[in-house]
Amino acid sequence: PQPPEIPVPNSEYLISSQPAGDYLDSQQRYQLLETLPARKPSDTVAVKVLDTQPLQMSPLKAMLAANSASVAKRTSPYKAIQDGDNSTNSALAELCQGIAEPYLALRWQFSHNLPVIHDSWSDNKQAVLLLENCSQWPLLVERWSQPETSIQQIVYWLHEMTELWAALEPWRCRQSLLELTNLRVNPDTSFSFASLRMQYLYPEPAGSNLQLIDLGQLWETIFNQSARTQFGALLELLQQMYRGEIDTIEELRSRLETVPLELQTPPAATLTLTPTRFQNSIPDNSPSDAGEVLTQPMPVQMYSLEDSGLTDVGRTRDHNEDFFSIWTQIDKLETCFGRIFQTKGLYILCDGMGGHDSGEVASQLAAETLRDFFQNCWENQLPQADTIREGVILANKAIFEINQNDKRSGSARMGTTLVAVLVQDTKFAVAHVGDSRLYRLRKGQPLEKITSDHEVGQREIKRGIDPETAYSRPDAYQLTQALGPRDGNFLKPDVQFLDLCEDTLLILASDGLTDNDLLETNWPSTLEPLLNPQTNLDRGVAELIELGNKCNGHDNLTAIIIRAQVGAFRF
């Protein structure tokens with residue numbers, strides 16, 4: 001007997017298949033590595049393609065480079081970009097309203113959780129999105145079940161999924177977290193914690209109304225499939241989610257940050273994860289008694305380092321004796337296993353002093369000597385304190401020898417202050433001589449002065465004199481240290497090492513800008529807005545100098561602002 005006829009859909013409703021070897025695009029850049037099957041316009045299919053021009057910027061990335069400010073300013077997922085009416089902006093706005101939009105909007109904040117987007121376009125037949133292929137990465141549920149996967153690692157994944165749930169809600173893409181086969185883990189084992197990676201963003205089904213209980217049920221499913229034991233407060237948290245008793249993302253965040261976990265080492269200790277700054281609360285050389293809290297730092301990395309510097313002669317001086325130097329090296333290593341940023345930055349600010357034309361000579365000579373020194377001796381980690389002091393003393397020697405050779409004396413001896421910052425990934429060092437300052441500003445915290453001025457008033461305070469008496473002296477603001485006037489035996493530069501655990505501004509400033517507590521008084525209006533990565537840093541520094549001229553203006557003014565964006569590993 002003849003087999004029954006199988007009805008064939010009307011071909012006008014199908015998009016033709018394409019064999020492997022064909023090009024996906026009209027520019028013949030993306031070559032199919034497997035056959036693209038016939039499909040309806042509403043179907044979604046995934047195939048592997050080869051970029052035959054990997055060194056050439058894709059059209060999407062070219063548009064993003066030209067319109068980075070426009071994309072970054074998006075505050076609503078469905079708000080069209082209105083930063084101009086040129087054809088490039090129009091093309092990008094049209095693209096962003098398509099399938100690429102959530103990837104583009106979330107790519108910086110969650111670049112460690114989303115695949116890299118290489119290109120995207122649409123025509124009258126189909127929309128195409130080219131994404132990094134993560135299909136070979138381990139499944140989350142498989143890694144979850146491995147005995148060597150620690151409870152700390154699992155809590156880290158719970159944190160990631162909580163933040164992703166909140167971020168994906170406006171885009172109605174939370175379904176992406178509910179598909180177990182969509183959840184992968186970065187296979188790179190060089191980091192303390194492995195990060196979750198979604199292969200795709202799935203739209204939520206029409207008419208669906210996902211709640212946190214759905215996320216709780218997913219977690220319960222993963223625990224059950226992995227045969228991992230749930231215990232203590234973690235078990236209680238999951239049960240409350242499963243019953244729908246935790247119904248806001250804020251409550252879930254709060255509960256996750258305080259979940260106590262029983263650790264194998266040290267015995268009877270508990271683990272508390274906090275979202276920003278971390279410190280070990282068990283004192284050195286003390287026993288780990290039951291009930292003590294061991295705070296486990298979440299792994300972080302630098303994923304953006306920006307800077308801007310500006311100097312101005314001021315309102316009364318006829319020449320500028322300030323000098324600044326900025327040298328940065330930012331490397332991005334990107335492979336099929338993810339993306340790693342390595343950052344290095346050297347920032348130097350000097351305020352010169354001395355006889356005619358001497359101040360500017362001293363400040364420039366000190367900055368350039370120190371820059372050359374670190375470019376030769378600074379390799380893969382921050383230099384040690386002794387090495388940093390060696391560089392400062394070398395800069396002092398360069399100025400001191402000119403003073404000696406020219407037989408300068410008294411006020412004719414040239415010199416300079418110095419504040420220098422060395423940034424290496426999520427750590428930085430500060431070297432300081434004189435009264436030029438370094439400040440630090442972190443979100444939700446007041447401005448901090450990191451350096452202490454090398455002047456008579458501060459010296460007296462350190463000796464126990466009250467501040468009012470110390471600064472009533474006529475010589476209270478006279479420098480006790482500077483580069484150049486005396487040889488290195490009299491020089492004791494301050495060196496500090498600090499961590500970058502969260503988004504931070506570092507502000508280097510000469511005294512022409514810091515006099516009269518200008519920054520301490522005006523930081524909420526002038527500096528705090530610059531924590532926003534979309535705020536123009538060059539404009540912010542210019543406005544700060546303008547304010548300094550308005551309020552002070554009696555001296556040269558110089559500022560360098562460093563904006564470091566730091567967060568969980570962003571692969």
# chains A, B, ... in the order shown; residues from 1 in each chain; ligands from 1
>>> closest_atom_pairs(of="segment 304-404 of chain A", to="segment 422-430 of chain A", cutoff="9 Å", atoms="only C-alpha atoms", output="CSV")
residue,atom,partner,partner_atom,distance
A:Thr328,CA,A:Val423,CA,8.9
A:Phe341,CA,A:Asp425,CA,8.0
A:Gln342,CA,A:Asp425,CA,5.9
A:Thr343,CA,A:Asp425,CA,4.9
A:Lys344,CA,A:Gln424,CA,4.7
A:Gly345,CA,A:Val423,CA,4.9
A:Leu346,CA,A:Leu422,CA,4.7
A:Tyr347,CA,A:Leu422,CA,6.5
A:Ile348,CA,A:Leu422,CA,8.8
A:Asn380,CA,A:Gln424,CA,8.3
A:Gln381,CA,A:Gln424,CA,6.6
A:Leu382,CA,A:Gln424,CA,6.0
A:Pro383,CA,A:Ala429,CA,8.6
A:Ala385,CA,A:Ala429,CA,8.5
A:Ile388,CA,A:Ala429,CA,8.8
>>> write_last_selection(atoms="all heavy atoms", output="CSV table (one decimal), in the first residue's frame")
chain,number,residue,atom,x,y,z
A,328,THR,N,47.9,54.8,31.5
A,328,THR,CA,47.1,53.6,31.7
A,328,THR,C,47.4,52.5,30.7
A,328,THR,O,47.8,52.8,29.6
A,328,THR,CB,45.6,54.0,31.7
A,328,THR,OG1,45.3,54.5,30.4
A,328,THR,CG2,45.2,55.0,32.7
A,341,PHE,N,39.3,41.4,32.3
A,341,PHE,CA,40.0,42.7,32.2
A,341,PHE,C,41.2,42.7,33.1
A,341,PHE,O,41.1,42.3,34.3
A,341,PHE,CB,39.0,43.8,32.6
A,341,PHE,CG,37.9,44.0,31.6
A,341,PHE,CD1,36.7,43.3,31.7
A,341,PHE,CD2,38.1,44.8,30.5
A,341,PHE,CE1,35.7,43.5,30.8
A,341,PHE,CE2,37.1,45.0,29.5
A,341,PHE,CZ,35.9,44.4,29.7
A,342,GLN,N,42.3,43.3,32.6
A,342,GLN,CA,43.5,43.5,33.4
A,342,GLN,C,43.8,45.0,33.2
A,342,GLN,O,44.0,45.5,32.1
A,342,GLN,CB,44.6,42.7,32.9
A,342,GLN,CG,44.4,41.2,33.2
A,342,GLN,CD,45.5,40.3,32.6
A,342,GLN,OE1,46.2,40.7,31.6
A,342,GLN,NE2,45.8,39.2,33.3
A,343,THR,N,43.8,45.7,34.4
A,343,THR,CA,44.0,47.2,34.3
A,343,THR,C,45.2,47.6,35.1
A,343,THR,O,45.6,47.0,36.1
A,343,THR,CB,42.7,47.9,34.9
A,343,THR,OG1,42.5,47.4,36.2
A,343,THR,CG2,41.5,47.6,34.1
A,344,LYS,N,45.8,48.7,34.6
A,344,LYS,CA,47.0,49.3,35.3
A,344,LYS,C,46.9,50.7,35.0
A,344,LYS,O,46.7,51.2,33.8
A,344,LYS,CB,48.3,48.6,34.7
A,344,LYS,CG,49.5,49.2,35.4
A,344,LYS,CD,50.8,48.6,34.7
A,344,LYS,CE,50.9,47.1,34.9
A,344,LYS,NZ,52.3,46.7,34.4
A,345,GLY,N,47.1,51.5,36.0
A,345,GLY,CA,47.0,53.0,35.8
A,345,GLY,C,47.9,53.7,36.8
A,345,GLY,O,48.0,53.4,38.0
A,346,LEU,N,48.7,54.7,36.3
A,346,LEU,CA,49.6,55.5,37.1
A,346,LEU,C,49.1,57.0,36.9
A,346,LEU,O,49.1,57.5,35.8
A,346,LEU,CB,51.0,55.3,36.6
A,346,LEU,CG,52.1,56.2,37.3
A,346,LEU,CD1,52.2,56.0,38.8
A,346,LEU,CD2,53.4,56.1,36.6
A,347,TYR,N,48.8,57.6,38.1
A,347,TYR,CA,48.3,58.9,38.1
A,347,TYR,C,49.2,59.8,39.0
A,347,TYR,O,49.3,59.5,40.2
A,347,TYR,CB,46.8,59.0,38.5
A,347,TYR,CG,46.0,58.0,37.8
A,347,TYR,CD1,45.8,56.7,38.1
A,347,TYR,CD2,45.3,58.5,36.6
A,347,TYR,CE1,45.0,55.8,37.4
A,347,TYR,CE2,44.5,57.6,35.9
A,347,TYR,CZ,44.4,56.3,36.3
A,347,TYR,OH,43.6,55.4,35.5
A,348,ILE,N,49.7,60.9,38.5
A,348,ILE,CA,50.7,61.7,39.2
A,348,ILE,C,50.2,63.1,39.2
A,348,ILE,O,49.9,63.7,38.1
A,348,ILE,CB,52.1,61.5,38.7
A,348,ILE,CG1,52.5,60.1,38.7
A,348,ILE,CG2,53.1,62.4,39.5
A,348,ILE,CD1,53.9,59.8,37.9
A,380,ASN,N,53.6,42.8,36.8
A,380,ASN,CA,52.3,42.1,36.9
A,380,ASN,C,51.6,42.3,38.2
A,380,ASN,O,50.5,41.7,38.4
A,380,ASN,CB,52.4,40.6,36.6
A,380,ASN,CG,52.9,40.4,35.1
A,380,ASN,OD1,52.5,41.1,34.2
A,380,ASN,ND2,53.8,39.4,35.0
A,381,GLN,N,52.2,43.0,39.1
A,381,GLN,CA,51.5,43.3,40.4
A,381,GLN,C,52.0,44.6,40.9
A,381,GLN,O,53.0,45.1,40.5
A,381,GLN,CB,51.7,42.2,41.4
A,381,GLN,CG,53.2,42.0,41.7
A,381,GLN,CD,53.4,40.8,42.7
A,381,GLN,OE1,52.4,40.2,43.1
A,381,GLN,NE2,54.6,40.5,43.1
A,382,LEU,N,51.2,45.2,41.8
A,382,LEU,CA,51.6,46.5,42.4
A,382,LEU,C,53.0,46.4,43.0
A,382,LEU,O,53.4,45.4,43.7
A,382,LEU,CB,50.7,46.9,43.5
A,382,LEU,CG,49.3,47.6,43.0
A,382,LEU,CD1,48.5,47.8,44.2
A,382,LEU,CD2,49.6,48.9,42.2
A,383,PRO,N,53.9,47.4,42.7
A,383,PRO,CA,55.2,47.4,43.4
A,383,PRO,C,55.1,47.4,44.9
A,383,PRO,O,54.1,47.9,45.5
A,383,PRO,CB,55.8,48.7,42.8
A,383,PRO,CG,55.0,49.1,41.6
A,383,PRO,CD,53.7,48.6,41.8
A,385,ALA,N,56.0,48.6,48.8
A,385,ALA,CA,56.2,49.9,49.4
A,385,ALA,C,57.6,50.4,49.2
A,385,ALA,O,57.8,51.6,48.9
A,385,ALA,CB,55.7,49.9,50.8
A,388,ILE,N,58.1,51.7,45.7
A,388,ILE,CA,57.4,53.0,45.5
A,388,ILE,C,58.2,54.1,46.1
A,388,ILE,O,58.4,55.2,45.5
A,388,ILE,CB,56.0,52.9,46.0
A,388,ILE,CG1,55.2,51.9,45.2
A,388,ILE,CG2,55.3,54.3,46.0
A,388,ILE,CD1,53.8,51.6,45.8
>>> closest_atom_pairs(of="segment 477-571 of chain A", to="segment 315-318 of chain A", cutoff="8 Å", atoms="only C-alpha atoms", output="tab-separated table")
residue	atom	partner	partner_atom	distance
A:Asn549	CA	A:Arg315	CA	6.5
A:Gly553	CA	A:Arg315	CA	4.8
A:His554	CA	A:Thr316	CA	5.4
A:Asp555	CA	A:Arg317	CA	6.3
A:Asn556	CA	A:Arg317	CA	7.0
>>> closest_residue(among="A:Leu60, A:Leu438, A:Ala366, A:Leu305", to="Gln329 of chain A", atoms="only C-alpha atoms")
A:Leu305
>>> closest_atom_pairs(of="segment 365-427 of chain A", to="segment 447-466 of chain A", cutoff="12 Å", atoms="only C-alpha atoms", output="CSV")
residue,atom,partner,partner_atom,distance
A:Thr417,CA,A:His454,CA,9.4
A:Leu418,CA,A:His454,CA,10.7
A:Val419,CA,A:Thr451,CA,8.7
A:Ala420,CA,A:Thr451,CA,10.7
A:Val421,CA,A:Ile450,CA,11.2
>>> write_last_selection(atoms="N, CA, C and O atoms", output="tab-separated table (two decimals), in the first residue's frame")
chain	number	residue	atom	x	y	z
A	417	THR	N	55.27	69.33	45.56
A	417	THR	CA	54.51	68.29	46.26
A	417	THR	C	54.30	67.12	45.31
A	417	THR	O	54.56	67.21	44.10
A	418	LEU	N	53.77	66.04	45.85
A	418	LEU	CA	53.47	64.87	45.02
A	418	LEU	C	52.33	64.08	45.62
A	418	LEU	O	52.33	63.83	46.83
A	419	VAL	N	51.38	63.70	44.81
A	419	VAL	CA	50.45	62.64	45.16
A	419	VAL	C	50.35	61.75	43.93
A	419	VAL	O	50.11	62.23	42.82
A	420	ALA	N	50.59	60.46	44.13
A	420	ALA	CA	50.59	59.51	43.02
A	420	ALA	C	49.75	58.31	43.41
A	420	ALA	O	49.80	57.83	44.54
A	421	VAL	N	48.98	57.82	42.45
A	421	VAL	CA	48.14	56.64	42.64
A	421	VAL	C	48.52	55.60	41.60
A	421	VAL	O	48.61	55.90	40.41
>>> closest_atom_pairs(of="segment 130-161 of chain A", to="segment 189-211 of chain A", cutoff="9 Å", atoms="only C-alpha atoms", output="JSON lines")
{"residue": "A:Leu131", "atom": "CA", "partner": "A:Tyr200", "partner_atom": "CA", "distance": 8.3}
{"residue": "A:Glu132", "atom": "CA", "partner": "A:Gln199", "partner_atom": "CA", "distance": 8.2}
{"residue": "A:Asn133", "atom": "CA", "partner": "A:Gln199", "partner_atom": "CA", "distance": 7.4}
{"residue": "A:Cys134", "atom": "CA", "partner": "A:Gln199", "partner_atom": "CA", "distance": 5.9}
{"residue": "A:Ser135", "atom": "CA", "partner": "A:Gln199", "partner_atom": "CA", "distance": 7.1}
{"residue": "A:Trp137", "atom": "CA", "partner": "A:Arg197", "partner_atom": "CA", "distance": 8.8}
{"residue": "A:Leu140", "atom": "CA", "partner": "A:Leu196", "partner_atom": "CA", "distance": 7.3}
{"residue": "A:Gln152", "atom": "CA", "partner": "A:Phe193", "partner_atom": "CA", "distance": 8.4}
{"residue": "A:Gln153", "atom": "CA", "partner": "A:Phe193", "partner_atom": "CA", "distance": 6.0}
{"residue": "A:Tyr156", "atom": "CA", "partner": "A:Phe193", "partner_atom": "CA", "distance": 7.5}
{"residue": "A:Trp157", "atom": "CA", "partner": "A:Leu196", "partner_atom": "CA", "distance": 6.5}
{"residue": "A:Glu160", "atom": "CA", "partner": "A:Leu196", "partner_atom": "CA", "distance": 7.2}
{"residue": "A:Met161", "atom": "CA", "partner": "A:Leu196", "partner_atom": "CA", "distance": 8.1}
>>> residues_around(residues="segment 116-126 of chain A", least_positions_apart="6", cutoff="8 Å", atoms="only C-alpha atoms", output="PDB file with all heavy atoms, in the first residue's frame")
ATOM      1  N   ILE A  15      10.472  30.187   5.139  1.00  0.00           N
ATOM      2  CA  ILE A  15      11.736  30.784   4.698  1.00  0.00           C
ATOM      3  C   ILE A  15      12.617  29.625   4.270  1.00  0.00           C
ATOM      4  O   ILE A  15      12.773  28.640   4.998  1.00  0.00           O
ATOM      5  CB  ILE A  15      12.385  31.589   5.832  1.00  0.00           C
ATOM      6  CG1 ILE A  15      11.454  32.712   6.285  1.00  0.00           C
ATOM      7  CG2 ILE A  15      13.726  32.159   5.395  1.00  0.00           C
ATOM      8  CD1 ILE A  15      11.968  33.477   7.491  1.00  0.00           C
ATOM      9  N   PRO A  41       8.354  32.251   9.596  1.00  0.00           N
ATOM     10  CA  PRO A  41       8.914  33.516  10.087  1.00  0.00           C
ATOM     11  C   PRO A  41       8.883  33.639  11.604  1.00  0.00           C
ATOM     12  O   PRO A  41       9.702  34.341  12.192  1.00  0.00           O
ATOM     13  CB  PRO A  41       8.032  34.570   9.420  1.00  0.00           C
ATOM     14  CG  PRO A  41       7.521  33.910   8.183  1.00  0.00           C
ATOM     15  CD  PRO A  41       7.337  32.464   8.552  1.00  0.00           C
ATOM     16  N   SER A  58      32.261  44.750  13.655  1.00  0.00           N
ATOM     17  CA  SER A  58      30.963  44.453  13.049  1.00  0.00           C
ATOM     18  C   SER A  58      30.135  45.733  12.941  1.00  0.00           C
ATOM     19  O   SER A  58      30.372  46.704  13.671  1.00  0.00           O
ATOM     20  CB  SER A  58      30.214  43.428  13.896  1.00  0.00           C
ATOM     21  OG  SER A  58      29.771  44.010  15.102  1.00  0.00           O
ATOM     22  N   PRO A  59      29.147  45.760  12.038  1.00  0.00           N
ATOM     23  CA  PRO A  59      28.286  46.952  11.929  1.00  0.00           C
ATOM     24  C   PRO A  59      27.626  47.318  13.249  1.00  0.00           C
ATOM     25  O   PRO A  59      27.505  48.502  13.579  1.00  0.00           O
ATOM     26  CB  PRO A  59      27.257  46.540  10.868  1.00  0.00           C
ATOM     27  CG  PRO A  59      27.971  45.525  10.032  1.00  0.00           C
ATOM     28  CD  PRO A  59      28.854  44.770  10.978  1.00  0.00           C
ATOM     29  N   LEU A  60      27.205  46.309  14.018  1.00  0.00           N
ATOM     30  CA  LEU A  60      26.584  46.604  15.305  1.00  0.00           C
ATOM     31  C   LEU A  60      27.562  47.296  16.244  1.00  0.00           C
ATOM     32  O   LEU A  60      27.245  48.325  16.855  1.00  0.00           O
ATOM     33  CB  LEU A  60      26.079  45.308  15.945  1.00  0.00           C
ATOM     34  CG  LEU A  60      25.587  45.450  17.392  1.00  0.00           C
ATOM     35  CD1 LEU A  60      24.380  46.361  17.463  1.00  0.00           C
ATOM     36  CD2 LEU A  60      25.283  44.106  17.996  1.00  0.00           C
ATOM     37  N   LYS A  61      28.778  46.745  16.349  1.00  0.00           N
ATOM     38  CA  LYS A  61      29.755  47.346  17.245  1.00  0.00           C
ATOM     39  C   LYS A  61      30.174  48.729  16.764  1.00  0.00           C
ATOM     40  O   LYS A  61      30.480  49.608  17.575  1.00  0.00           O
ATOM     41  CB  LYS A  61      30.961  46.419  17.389  1.00  0.00           C
ATOM     42  CG  LYS A  61      30.631  45.155  18.170  1.00  0.00           C
ATOM     43  CD  LYS A  61      31.870  44.307  18.424  1.00  0.00           C
ATOM     44  CE  LYS A  61      31.531  43.086  19.273  1.00  0.00           C
ATOM     45  NZ  LYS A  61      32.713  42.238  19.521  1.00  0.00           N
ATOM     46  N   LEU A  95      17.214  48.789  15.662  1.00  0.00           N
ATOM     47  CA  LEU A  95      17.794  47.519  16.079  1.00  0.00           C
ATOM     48  C   LEU A  95      17.496  47.254  17.545  1.00  0.00           C
ATOM     49  O   LEU A  95      17.119  46.153  17.935  1.00  0.00           O
ATOM     50  CB  LEU A  95      19.308  47.551  15.854  1.00  0.00           C
ATOM     51  CG  LEU A  95      20.095  46.355  16.400  1.00  0.00           C
ATOM     52  CD1 LEU A  95      19.669  45.084  15.708  1.00  0.00           C
ATOM     53  CD2 LEU A  95      21.580  46.580  16.234  1.00  0.00           C
ATOM     54  N   ALA A 100      17.800  42.399  19.824  1.00  0.00           N
ATOM     55  CA  ALA A 100      19.080  42.711  20.465  1.00  0.00           C
ATOM     56  C   ALA A 100      18.929  43.627  21.674  1.00  0.00           C
ATOM     57  O   ALA A 100      19.866  43.762  22.455  1.00  0.00           O
ATOM     58  CB  ALA A 100      20.030  43.362  19.454  1.00  0.00           C
ATOM     59  N   TYR A 103      19.932  42.498  25.327  1.00  0.00           N
ATOM     60  CA  TYR A 103      21.365  42.184  25.391  1.00  0.00           C
ATOM     61  C   TYR A 103      22.201  43.463  25.458  1.00  0.00           C
ATOM     62  O   TYR A 103      23.168  43.541  26.206  1.00  0.00           O
ATOM     63  CB  TYR A 103      21.784  41.376  24.165  1.00  0.00           C
ATOM     64  CG  TYR A 103      21.201  39.988  24.078  1.00  0.00           C
ATOM     65  CD1 TYR A 103      20.011  39.757  23.396  1.00  0.00           C
ATOM     66  CD2 TYR A 103      21.840  38.897  24.661  1.00  0.00           C
ATOM     67  CE1 TYR A 103      19.472  38.478  23.288  1.00  0.00           C
ATOM     68  CE2 TYR A 103      21.315  37.617  24.563  1.00  0.00           C
ATOM     69  CZ  TYR A 103      20.126  37.416  23.876  1.00  0.00           C
ATOM     70  OH  TYR A 103      19.606  36.156  23.779  1.00  0.00           O
ATOM     71  N   LEU A 104      21.814  44.446  24.648  1.00  0.00           N
ATOM     72  CA  LEU A 104      22.563  45.696  24.618  1.00  0.00           C
ATOM     73  C   LEU A 104      22.390  46.480  25.911  1.00  0.00           C
ATOM     74  O   LEU A 104      23.343  47.047  26.441  1.00  0.00           O
ATOM     75  CB  LEU A 104      22.111  46.548  23.429  1.00  0.00           C
ATOM     76  CG  LEU A 104      22.424  45.983  22.042  1.00  0.00           C
ATOM     77  CD1 LEU A 104      21.828  46.870  20.964  1.00  0.00           C
ATOM     78  CD2 LEU A 104      23.922  45.847  21.844  1.00  0.00           C
ATOM     79  N   ARG A 107      24.341  44.649  28.821  1.00  0.00           N
ATOM     80  CA  ARG A 107      25.625  44.007  28.515  1.00  0.00           C
ATOM     81  C   ARG A 107      26.735  44.432  29.456  1.00  0.00           C
ATOM     82  O   ARG A 107      27.685  43.673  29.668  1.00  0.00           O
ATOM     83  CB  ARG A 107      26.020  44.285  27.057  1.00  0.00           C
ATOM     84  CG  ARG A 107      26.520  45.677  26.755  1.00  0.00           C
ATOM     85  CD  ARG A 107      26.654  45.872  25.242  1.00  0.00           C
ATOM     86  NE  ARG A 107      27.404  47.052  24.900  1.00  0.00           N
ATOM     87  CZ  ARG A 107      26.890  48.282  24.898  1.00  0.00           C
ATOM     88  NH1 ARG A 107      25.634  48.473  25.244  1.00  0.00           N
ATOM     89  NH2 ARG A 107      27.654  49.311  24.566  1.00  0.00           N
ATOM     90  N   GLU A 132      27.836  34.801  21.272  1.00  0.00           N
ATOM     91  CA  GLU A 132      28.887  33.871  21.687  1.00  0.00           C
ATOM     92  C   GLU A 132      28.271  32.489  21.943  1.00  0.00           C
ATOM     93  O   GLU A 132      27.189  32.368  22.524  1.00  0.00           O
ATOM     94  CB  GLU A 132      29.515  34.422  22.966  1.00  0.00           C
ATOM     95  CG  GLU A 132      30.466  33.508  23.672  1.00  0.00           C
ATOM     96  CD  GLU A 132      30.814  34.054  25.046  1.00  0.00           C
ATOM     97  OE1 GLU A 132      30.085  34.924  25.555  1.00  0.00           O
ATOM     98  OE2 GLU A 132      31.820  33.582  25.609  1.00  0.00           O
TER      99      GLU A 132
END
>>> atom_distance(atom1="atom CA of Leu505 of chain A", atom2="atom CA of Lys443 of chain A")
9.1 Å
>>> residues_around(residues="Leu365 of chain A", least_positions_apart="4", cutoff="10 Å", atoms="only C-alpha atoms", output="PyMOL selection string")
chain A and resi 323+350+352+359-361+369-371+395-396+398-399+415-416
>>> residues_around(residues="Leu527 of chain A", least_positions_apart="6", cutoff="10 Å", atoms="only C-alpha atoms", output="PyMOL selection string")
chain A and resi 441+447+505-507+519+537+540-541+544+561
>>> closest_residue(among="A:Asp386, A:Glu368, A:Asp511, A:Glu468", to="Gln496 of chain A", atoms="only C-alpha atoms")
A:Asp386
>>> atom_distance(atom1="atom CA of Gln534 of chain A", atom2="atom CA of Gly309 of chain A")
17.6 Å
>>> atom_distance(atom1="atom CA of Thr504 of chain A", atom2="atom CA of Leu531 of chain A")
6.9 Å
